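Here's the structure, in structure tokens; my notes come after.
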Amino acid sequence: MASLRRDPAALTGSLRQGSRVEAVTALRQPDLQRPPSAPATSRRYQSVGYRAKKLLLGPALKTSQLAYERVSKRVALAVFSSDPISSTAYATEEILLVLVGATLAGGALATGLAMPVALAIVALLALLVVSYRQVVDAYPSAGGAYVVSRDNFGNVTAAVAGAALLIDYVLTVAVSVSSGVAAMSSVWPDQLGPLRVEISVAFVVLLAWGNLRGIREAGRIFAVPTYVYVVSVGAMIVAGIWRLGSGDLAPITYSPEEAAQLHHAGAIGAVTVFLLLRAFASGTTALTGIEAISNGVSAFRAPEAVNAKKTLMVMAAIMAALFLGITYLAVQLEALPFESGYPTVISQIARQVLGDGPAFLLVQTATLLILVLAANTAFSGFPLLASFASGDALLPRQLRKRGHRLVYSNGIIALSAVAIFLIVAFQADVHALIPLYAVGVVTSFTLAQAGMTRRHLRLREPGWRGGVLINGVGAAVTMVALVVIIVGKFTQGAWMVVIAIPLLVWLLLRIQQTYGRELSQLKVQASQRLAPPKPRHEVVVLIEDLDQAALSALQYARQLNPLSITAMHVAVDPDHARELGRLWSRVQIPFPLELVDAPDRNLLATVEEAIAERVRPDTEVTVLVPRRRYVGFWRRVLHDQTSAGLTKVLGSMENVNVTIVPFHLGSRPQLFPVKGP
């Protein structure tokens with residue numbers, strides 16, 4: 001290094017006696033130093049971010065309160081089941097979108113086949129419910145398809161299940177919120193249709209805020225709309241069936257203008273097995289969110305597994321009744337989907353059965369709320385799943401930390417960010433998002449069923465033959481549905497998920513490998529002992545000016561009792577460096593001042609090179625960086641943050657330790673008298 005160094009005049013003599021400076025350190029214990037007569041007060045540090053969280057989310061919950069954040073079955077039904085229950089609002093429409101345009105032998109439209117397809121989906125629902133009850137019994141600590149795959153197939157398959165579920169949860173938020181806004185736009189298409197994206201993003205932010213307040217708080221906020229939807233749509237189905245039975249309800253008629261806007265599948269084609277399989281695969285979107293209860297068993301009140309299984313059964317019963325009822329009315333009323341997505345099929349049914357009065361508006365409002373709040377299932381399941389994967393080192397460790405209100409805040413924020421990106425990218429178009437949605441859902445179903453089948457065969461516990469039959473059939477059916485979805489929806493957008501899942505699996509495994517290498521380097525062996533100290537220890541104090549902050553750092557350097565202490569100043573400004581040298585000589589500080597030339601004014605690089613010259617195998621170098629701590633925003637704005645850059649550069653060097661020595665500047669000046677060695 002080309003540098004010019006000079007020492008000021010030899011400094012001898014001693015500093016004033018009778019006074020001393022305490023070393024200023026970052027960690028203090030003021031309660032131990034306070035006189036007995038001083039009142040005991042608590043002045044815990046609260047950053048700006050912490051105060052903002054208190055304002056937005058409420059006071060922080062203590063870790064001991066985690067047991068009281070468990071939810072009852074009634075609240076859990078709203079928290080974990082809003083997604084599968086809400087999917088009944090659009091699953092029938094997805095079946096009709098496939099069947100529209102196909103014809104039977106007599107020339108009639110094949111939309112009448114929607115009811116048999118719906119019955120097949122409900123049969124699969126029954127299989128899945130029985131299977132997930134077994135998952136809850138086998139894995140009461142929660143985890144769902146991810147834990148089942150990990151324990152029965154290994155790490156790579158667990159990564160596949162985790163990737164599929166994570167994508168599923170993200171798409172749950174995007175699809176549910178977009179569907180809810182579509183229901184709203186069905187009432188006021190001209191006013192709200194152009195604002196679908198903005199409204200959807202606002203709803204995601206609202207859901208994130210509610211869930212950041214805590215799972216029990218979220219349940220209280222979002223429980224009522226779920227039950228309002230169940231009651232209002234259930235009443236609509238009963239009224240519709242009653243009116244059909246009495247001959248008081250005619251099929252829906254479309255004006256020529258409306259008929260031009262209806263969805264057309266293309267050229268009229270015959271009904272084929274593949275067409276029915278496509279309709280079945282599209283309708284399986286009604287099954288989304290079923291695994292959320294098995295993922296969140298730990299959130300239930302004791303006995304956790306029993307309450308989770310009961311909630312699962314109630315959810316399945318409600319969902320099956322609503323799904324079959326809506327599909328039956330859609331077939332009988334000859335409801336057809338619109339190309340734009342709204343008015344939706346369920347809104348057409350509600351208007352035909354209930355008219356345009358308050359009852360219709362209630363159903364539409366309830367549909368809007370349940371579809372938006374269905375995303376709450378993902379906000380409950382995604383953070384829990386991410387915490388499991390983080391515990392296995394497949395995801396960053398930050399996702400395992402509980403936040404301000406004892407929820408996994410980082411997972412909630414990550415979910416919100418990705419869902420908003422998808423909503424904006426796809427312009428809140430439900431039909432464009434649905435093909436992406438189904439792949440992750442059915443993949444997780446298939447792996448969970450196959451994993452439980454293998455578990456039964458491996459452990460052969462009581463009743464294992466029945467379990468093999470149920471889970472084996474379920475795995476086969478969901479595998480067929482998965483293949484049909486990929487083939488049938490590939491060109492419509494499913495290709496993105498087909499590519500995204502392997503990429504995400506690669507990323508998860510790469511993260512795990514990185515953590516594994518770090519762990520192997522950091523792991524302490526039982527036979528390890530501390531190495532003997534190095535014979536030489538030098539301390540370098542970086543000096544900008546000769547002020548109280550510099551004296552504080554020099555005084556702290558003496559507390560370390562090193563072999564040598566050197567003050568170093570980088571001469572970015574030569575005139576200032578010469579003035580500092582003269583002042584140093586007059587004050588008579590008993591440590592040498594080394595001036596390092598920096599002709600290119602690159603402070604960080606010059607310090608790095610100067611310290612590197614001192615590093616030797618037998619020498620430990622400690623660099624002290626005085627840092628002035630300013631009180632108030634205005635004072636902080638007026639000064640740079642050079643100390644942070646120095647810490648970053650020097651902290652990466654071998655055998656070099658960096659210590660910040662803070663000096664607190666308040667409204668009044670603080671003097672640091674010093675004494676001789």
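Following the order of the structure tokens, first chain is A, next is B, and so on, with residues numbered from 1 inside each chain and ligands from 1 in the order they appear.
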
Name the residues in contact with range 535-540 of chain A at a cut-off of 9 Å, using only C-alpha atoms, excluding same-chain residues fewer than 4 positions from it; report them as a VMD selection string.
-> chain A and resid 557 560 to 568 611 614 618 to 625

Which range 254-299 of chain A residues have any atom within 12 Å of an atom of range 173-192 of chain A, and for each, what is the nearest pair of atoms with distance in Å to one decimal, counting only C-alpha atoms, rows sorted by chain and number, as a Markdown table?
| residue | atom | partner | partner_atom | distance |
| --- | --- | --- | --- | --- |
| A:Thr285 | CA | A:Val175 | CA | 10.4 |
| A:Ala286 | CA | A:Ser176 | CA | 11.7 |
| A:Thr288 | CA | A:Ser176 | CA | 10.7 |
| A:Gly289 | CA | A:Val173 | CA | 11.0 |

A:Gln261, A:Gly357, A:Val442, A:Ala448 ranked by distance to Ser149 in chain A, top pick (using only C-alpha atoms) =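 Of A:Gln261, A:Gly357, A:Val442, A:Ala448, the one nearest Ser149 in chain A is A:Ala448, counting only C-alpha atoms.
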
Measure the distance from CA of Ala605 in chain A to CA of Gln548 in chain A in Å and round it to one decimal.
-> 26.1 Å

Test item: residues at most 6 Å from Arg70 in chain A, only C-alpha atoms, excluding those fewer than 6 positions along its chain, as a ChimeraX atom specification = /A:299-301

His431 in chain A: which residues within 12 Å, counting only C-alpha atoms, same-chain residues fewer than 5 positions away excluded, as a ChimeraX atom specification?
-> /A:90-91,93-95,97-98,174-176,178-179,182,263,282,285,337-342,344,426,436-438,489,492-494

9 Å contact set for Val497 in chain A, only C-alpha atoms, chain neighbours under 2 positions out, as a ChimeraX atom specification | /A:164,167,435-437,439-440,493-495,499-502

Residue nearest His569 in chain A - candidates A:Val587, A:Ile470, A:Leu603, A:Ile346, atoms counted: only C-alpha atoms =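 Residue with the minimum atom-to-atom distance to His569 in chain A: A:Leu603.
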
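Of the residues in range 67-190 of chain A, those given strand (DSSP E or B) by DSSP on the backbone are Val71, Ala102, Thr103 and Leu109 of chain A.
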
Keeping only N, CA, C and O atoms, write the selected residues as a PDB file, in the first residue's frame.
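Contents of out20.pdb, as written:
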ATOM      1  N   VAL A  71     -57.854 -21.736  19.758  1.00  0.00           N
ATOM      2  CA  VAL A  71     -59.200 -21.361  19.341  1.00  0.00           C
ATOM      3  C   VAL A  71     -60.165 -22.507  19.590  1.00  0.00           C
ATOM      4  O   VAL A  71     -59.795 -23.689  19.588  1.00  0.00           O
ATOM      5  N   ALA A 102     -70.534 -28.669 -25.045  1.00  0.00           N
ATOM      6  CA  ALA A 102     -70.629 -30.103 -25.345  1.00  0.00           C
ATOM      7  C   ALA A 102     -72.096 -30.500 -25.479  1.00  0.00           C
ATOM      8  O   ALA A 102     -72.983 -29.906 -24.863  1.00  0.00           O
ATOM      9  N   THR A 103     -72.377 -31.505 -26.280  1.00  0.00           N
ATOM     10  CA  THR A 103     -73.757 -31.937 -26.526  1.00  0.00           C
ATOM     11  C   THR A 103     -73.903 -33.423 -26.288  1.00  0.00           C
ATOM     12  O   THR A 103     -72.975 -34.204 -26.490  1.00  0.00           O
ATOM     13  N   LEU A 109     -77.589 -29.692 -24.420  1.00  0.00           N
ATOM     14  CA  LEU A 109     -76.322 -29.307 -23.809  1.00  0.00           C
ATOM     15  C   LEU A 109     -75.967 -30.264 -22.682  1.00  0.00           C
ATOM     16  O   LEU A 109     -76.844 -30.770 -21.972  1.00  0.00           O
TER      17      LEU A 109
END
